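Here is the file query_30.cif (mmCIF, N, CA and C atoms).
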data_coords
#
loop_
_atom_site.label_atom_id
_atom_site.label_comp_id
_atom_site.auth_asym_id
_atom_site.auth_seq_id
_atom_site.Cartn_x
_atom_site.Cartn_y
_atom_site.Cartn_z
N MET A 23 0.80 -1.20 0.00
CA MET A 23 0.00 0.00 0.00
C MET A 23 0.84 1.26 0.00
N ASP A 24 2.08 1.13 0.45
CA ASP A 24 2.94 2.31 0.48
C ASP A 24 3.20 2.84 -0.93
N ALA A 25 3.29 1.93 -1.90
CA ALA A 25 3.54 2.34 -3.28
C ALA A 25 2.34 3.13 -3.82
N LEU A 26 1.13 2.66 -3.48
CA LEU A 26 -0.07 3.37 -3.94
C LEU A 26 -0.18 4.74 -3.29
N GLU A 27 0.18 4.82 -2.02
CA GLU A 27 0.13 6.13 -1.34
C GLU A 27 1.17 7.08 -1.91
N ALA A 28 2.32 6.54 -2.25
CA ALA A 28 3.37 7.39 -2.85
C ALA A 28 2.91 7.91 -4.21
N LEU A 29 2.27 7.04 -4.99
CA LEU A 29 1.74 7.48 -6.29
C LEU A 29 0.64 8.53 -6.11
N ALA A 30 -0.20 8.36 -5.09
CA ALA A 30 -1.26 9.35 -4.84
C ALA A 30 -0.65 10.68 -4.44
N ARG A 31 0.41 10.66 -3.60
CA ARG A 31 1.09 11.90 -3.22
C ARG A 31 1.70 12.59 -4.43
N LEU A 32 2.33 11.80 -5.30
CA LEU A 32 2.92 12.38 -6.53
C LEU A 32 1.84 12.99 -7.42
N ALA A 33 0.71 12.32 -7.51
CA ALA A 33 -0.38 12.84 -8.33
C ALA A 33 -0.90 14.15 -7.76
N ARG A 34 -1.06 14.22 -6.40
CA ARG A 34 -1.52 15.46 -5.77
C ARG A 34 -0.54 16.60 -6.00
N ARG A 35 0.75 16.28 -5.86
CA ARG A 35 1.77 17.31 -6.07
C ARG A 35 1.78 17.80 -7.53
N ALA A 36 1.55 16.87 -8.46
CA ALA A 36 1.51 17.25 -9.88
C ALA A 36 0.32 18.13 -10.18
N ARG A 37 -0.80 17.87 -9.53
CA ARG A 37 -1.99 18.70 -9.74
C ARG A 37 -1.81 20.11 -9.17
N GLU A 38 -1.01 20.23 -8.12
CA GLU A 38 -0.81 21.53 -7.48
C GLU A 38 0.20 22.41 -8.20
N GLU A 39 1.00 21.82 -9.06
CA GLU A 39 2.02 22.61 -9.76
C GLU A 39 1.36 23.57 -10.75
N PRO A 40 1.92 24.75 -10.89
CA PRO A 40 1.36 25.68 -11.89
C PRO A 40 1.69 25.21 -13.31
N ILE A 41 0.73 25.43 -14.17
CA ILE A 41 0.89 25.02 -15.57
C ILE A 41 1.57 26.16 -16.32
N PRO A 42 2.69 25.86 -16.98
CA PRO A 42 3.36 26.94 -17.72
C PRO A 42 2.53 27.34 -18.95
N ILE A 43 2.42 28.63 -19.16
CA ILE A 43 1.65 29.14 -20.29
C ILE A 43 2.62 29.79 -21.27
N PHE A 44 2.60 29.31 -22.48
CA PHE A 44 3.43 29.92 -23.52
C PHE A 44 2.69 29.84 -24.85
N ASN A 45 3.02 30.77 -25.71
CA ASN A 45 2.35 30.89 -27.00
C ASN A 45 3.40 30.86 -28.09
N VAL A 46 3.27 29.92 -29.02
CA VAL A 46 4.23 29.81 -30.12
C VAL A 46 3.60 30.19 -31.45
N ALA A 47 2.38 30.71 -31.42
CA ALA A 47 1.68 31.03 -32.66
C ALA A 47 2.42 32.06 -33.48
N ASP A 48 2.98 33.10 -32.84
CA ASP A 48 3.69 34.14 -33.59
C ASP A 48 4.94 33.59 -34.27
N GLU A 49 5.68 32.73 -33.56
CA GLU A 49 6.87 32.14 -34.16
C GLU A 49 6.52 31.23 -35.34
N VAL A 50 5.42 30.50 -35.21
CA VAL A 50 4.99 29.61 -36.30
C VAL A 50 4.57 30.42 -37.51
N ARG A 51 3.80 31.49 -37.28
CA ARG A 51 3.38 32.34 -38.40
C ARG A 51 4.58 32.97 -39.10
N LEU A 52 5.55 33.42 -38.33
CA LEU A 52 6.75 34.03 -38.91
C LEU A 52 7.53 33.00 -39.73
N ARG A 53 7.62 31.81 -39.23
CA ARG A 53 8.34 30.76 -39.97
C ARG A 53 7.63 30.38 -41.26
N ILE A 54 6.30 30.32 -41.21
CA ILE A 54 5.53 29.99 -42.41
C ILE A 54 5.67 31.10 -43.45
N ARG A 55 5.63 32.34 -43.01
CA ARG A 55 5.75 33.46 -43.96
C ARG A 55 7.14 33.56 -44.55
N SER A 56 8.16 33.17 -43.80
CA SER A 56 9.53 33.32 -44.27
C SER A 56 9.93 32.25 -45.29
N GLU A 57 9.22 31.11 -45.29
CA GLU A 57 9.56 30.06 -46.25
C GLU A 57 9.01 30.40 -47.62
N LYS A 58 9.84 30.16 -48.62
CA LYS A 58 9.41 30.41 -49.99
C LYS A 58 8.64 29.19 -50.50
N PRO A 59 7.56 29.43 -51.23
CA PRO A 59 6.81 28.29 -51.75
C PRO A 59 7.62 27.57 -52.83
N ALA A 60 7.49 26.26 -52.85
CA ALA A 60 8.21 25.46 -53.85
C ALA A 60 7.57 25.68 -55.21
N SER A 61 8.39 25.89 -56.20
CA SER A 61 7.87 26.10 -57.55
C SER A 61 7.54 24.74 -58.18
N VAL A 62 6.40 24.70 -58.82
CA VAL A 62 5.93 23.47 -59.44
C VAL A 62 6.10 23.61 -60.95
N THR A 63 6.80 22.67 -61.54
CA THR A 63 6.96 22.67 -62.99
C THR A 63 6.11 21.57 -63.58
N LEU A 64 5.45 21.88 -64.66
CA LEU A 64 4.58 20.92 -65.32
C LEU A 64 5.24 20.30 -66.55
N ILE A 65 6.52 20.53 -66.73
CA ILE A 65 7.21 20.00 -67.91
C ILE A 65 7.22 18.47 -67.92
N PRO A 66 7.56 17.79 -66.81
CA PRO A 66 7.54 16.32 -66.86
C PRO A 66 6.15 15.76 -67.12
N LEU A 67 5.13 16.39 -66.56
CA LEU A 67 3.76 15.93 -66.80
C LEU A 67 3.36 16.12 -68.26
N GLY A 68 3.72 17.25 -68.83
CA GLY A 68 3.41 17.49 -70.24
C GLY A 68 4.17 16.56 -71.15
N LEU A 69 5.42 16.29 -70.82
CA LEU A 69 6.21 15.35 -71.62
C LEU A 69 5.62 13.96 -71.57
N PHE A 70 5.24 13.50 -70.39
CA PHE A 70 4.62 12.18 -70.25
C PHE A 70 3.29 12.12 -70.98
N GLY A 71 2.50 13.18 -70.88
CA GLY A 71 1.22 13.22 -71.58
C GLY A 71 1.39 13.21 -73.09
N GLY A 72 2.39 13.95 -73.59
CA GLY A 72 2.65 13.97 -75.03
C GLY A 72 3.10 12.61 -75.55
N LEU A 73 4.01 11.97 -74.82
CA LEU A 73 4.47 10.64 -75.24
C LEU A 73 3.34 9.62 -75.18
N SER A 74 2.48 9.75 -74.18
CA SER A 74 1.34 8.84 -74.10
C SER A 74 0.38 9.04 -75.27
N ALA A 75 0.18 10.28 -75.66
CA ALA A 75 -0.70 10.56 -76.80
C ALA A 75 -0.12 10.01 -78.09
N VAL A 76 1.19 10.15 -78.27
CA VAL A 76 1.84 9.60 -79.47
C VAL A 76 1.72 8.08 -79.49
N ALA A 77 1.98 7.44 -78.36
CA ALA A 77 1.87 5.98 -78.29
C ALA A 77 0.44 5.52 -78.54
N ALA A 78 -0.54 6.25 -78.02
CA ALA A 78 -1.94 5.88 -78.23
C ALA A 78 -2.34 6.04 -79.69
N SER A 79 -1.86 7.10 -80.35
CA SER A 79 -2.22 7.28 -81.75
C SER A 79 -1.58 6.22 -82.64
N ILE A 80 -0.34 5.83 -82.34
CA ILE A 80 0.30 4.76 -83.11
C ILE A 80 -0.43 3.45 -82.90
N THR A 81 -0.80 3.16 -81.68
CA THR A 81 -1.54 1.93 -81.39
C THR A 81 -2.88 1.92 -82.09
N LEU A 82 -3.58 3.05 -82.09
CA LEU A 82 -4.87 3.14 -82.77
C LEU A 82 -4.71 2.96 -84.27
N PHE A 83 -3.69 3.57 -84.86
CA PHE A 83 -3.44 3.42 -86.29
C PHE A 83 -3.18 1.96 -86.65
N LEU A 84 -2.32 1.30 -85.87
CA LEU A 84 -2.03 -0.11 -86.15
C LEU A 84 -3.25 -0.99 -85.95
N ALA A 85 -4.06 -0.69 -84.95
CA ALA A 85 -5.26 -1.49 -84.71
C ALA A 85 -6.24 -1.35 -85.87
N ILE A 86 -6.40 -0.14 -86.40
CA ILE A 86 -7.31 0.05 -87.53
C ILE A 86 -6.78 -0.68 -88.76
N GLU A 87 -5.47 -0.61 -88.99
CA GLU A 87 -4.90 -1.29 -90.15
C GLU A 87 -5.05 -2.81 -90.03
N PHE A 88 -4.82 -3.35 -88.86
CA PHE A 88 -4.98 -4.80 -88.69
C PHE A 88 -6.44 -5.22 -88.74
N TRP A 89 -7.34 -4.33 -88.34
CA TRP A 89 -8.77 -4.64 -88.40
C TRP A 89 -9.23 -4.81 -89.84
N LYS A 90 -8.63 -4.03 -90.76
CA LYS A 90 -9.01 -4.12 -92.17
C LYS A 90 -8.68 -5.49 -92.74
N TYR A 91 -7.57 -6.07 -92.30
CA TYR A 91 -7.12 -7.34 -92.86
C TYR A 91 -7.64 -8.55 -92.10
N MET A 92 -8.26 -8.32 -90.97
CA MET A 92 -8.77 -9.44 -90.19
C MET A 92 -10.08 -9.92 -90.80
N SER A 93 -10.21 -11.22 -90.95
CA SER A 93 -11.44 -11.76 -91.50
C SER A 93 -12.17 -12.55 -90.42
N SER A 94 -13.43 -12.68 -90.60
CA SER A 94 -14.25 -13.39 -89.63
C SER A 94 -14.06 -14.89 -89.82
N PRO A 95 -13.94 -15.66 -88.76
CA PRO A 95 -13.81 -17.11 -88.91
C PRO A 95 -15.04 -17.75 -89.54
N VAL A 96 -16.19 -17.16 -89.34
CA VAL A 96 -17.41 -17.69 -89.95
C VAL A 96 -17.37 -17.50 -91.46
N MET A 97 -16.83 -16.40 -91.93
CA MET A 97 -16.76 -16.16 -93.37
C MET A 97 -15.82 -17.15 -94.04
N GLU A 98 -14.80 -17.59 -93.36
CA GLU A 98 -13.90 -18.58 -93.95
C GLU A 98 -14.59 -19.93 -94.09
N LEU A 99 -15.56 -20.20 -93.26
CA LEU A 99 -16.32 -21.45 -93.40
C LEU A 99 -17.30 -21.36 -94.57
N VAL A 100 -17.84 -20.20 -94.82
CA VAL A 100 -18.86 -20.04 -95.85
C VAL A 100 -18.25 -19.70 -97.21
N ALA A 101 -17.13 -19.04 -97.27
CA ALA A 101 -16.57 -18.53 -98.52
C ALA A 101 -16.25 -19.63 -99.54
N PRO A 102 -15.65 -20.73 -99.17
CA PRO A 102 -15.33 -21.71 -100.20
C PRO A 102 -16.54 -22.44 -100.78
N LEU A 103 -17.67 -22.36 -100.14
CA LEU A 103 -18.83 -23.08 -100.65
C LEU A 103 -19.43 -22.34 -101.84
N PRO A 104 -19.70 -23.04 -102.91
CA PRO A 104 -20.34 -22.37 -104.06
C PRO A 104 -21.82 -22.09 -103.73
N GLU A 105 -22.31 -21.11 -104.41
CA GLU A 105 -23.70 -20.76 -104.19
C GLU A 105 -24.57 -21.81 -104.84
N MET A 106 -25.48 -22.34 -104.12
CA MET A 106 -26.35 -23.42 -104.65
C MET A 106 -27.74 -22.86 -104.91
N ARG A 107 -28.27 -23.21 -106.06
CA ARG A 107 -29.63 -22.77 -106.39
C ARG A 107 -30.60 -23.89 -106.09
N LEU A 108 -31.65 -23.49 -105.44
CA LEU A 108 -32.66 -24.49 -105.14
C LEU A 108 -33.63 -24.69 -106.30
N TRP A 109 -33.83 -23.74 -107.17
CA TRP A 109 -34.80 -23.86 -108.27
C TRP A 109 -34.15 -24.02 -109.59
#

Please lay out the structure from this file as structure tokens.
Amino acid sequence: MDALEALARLARRAREEPIPIFNVADEVRLRIRSEKPASVTLIPLGLFGGLSAVAASITLFLAIEFWKYMSSPVMELVAPLPEMRLW
């Protein structure tokens, strides 16, 4: 029980101590104002966007060209058959 009483005494003493009051708002505002904002460059983003657009246009061109030469598998089954007349 002596340990609990010692802790209670320490807690009472801590509650009786004055709380230090200080304000750092002015120093923080001064530090924020003194820092220069980082400059943002959009050159890498524009370069990446331009290269992506070029790659997309080349892919689209090749896809359209290959689409012209692609034939349907069903047409290959029907094409060799001669047209038959029923009458």

| When you draw a straight line from atom N of A:Glu49 to atom N of A:Val62, how long is it in Å? |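 A separation of 26.5 Å between them.
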
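The spacing separating atom N of A:Pro40 from atom N of A:Glu27 amounts to 21.9 Å.
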
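Computed from the coordinates, the atom CA of A:Gly72 to atom CA of A:Ala85 distance equals 19.9 Å.
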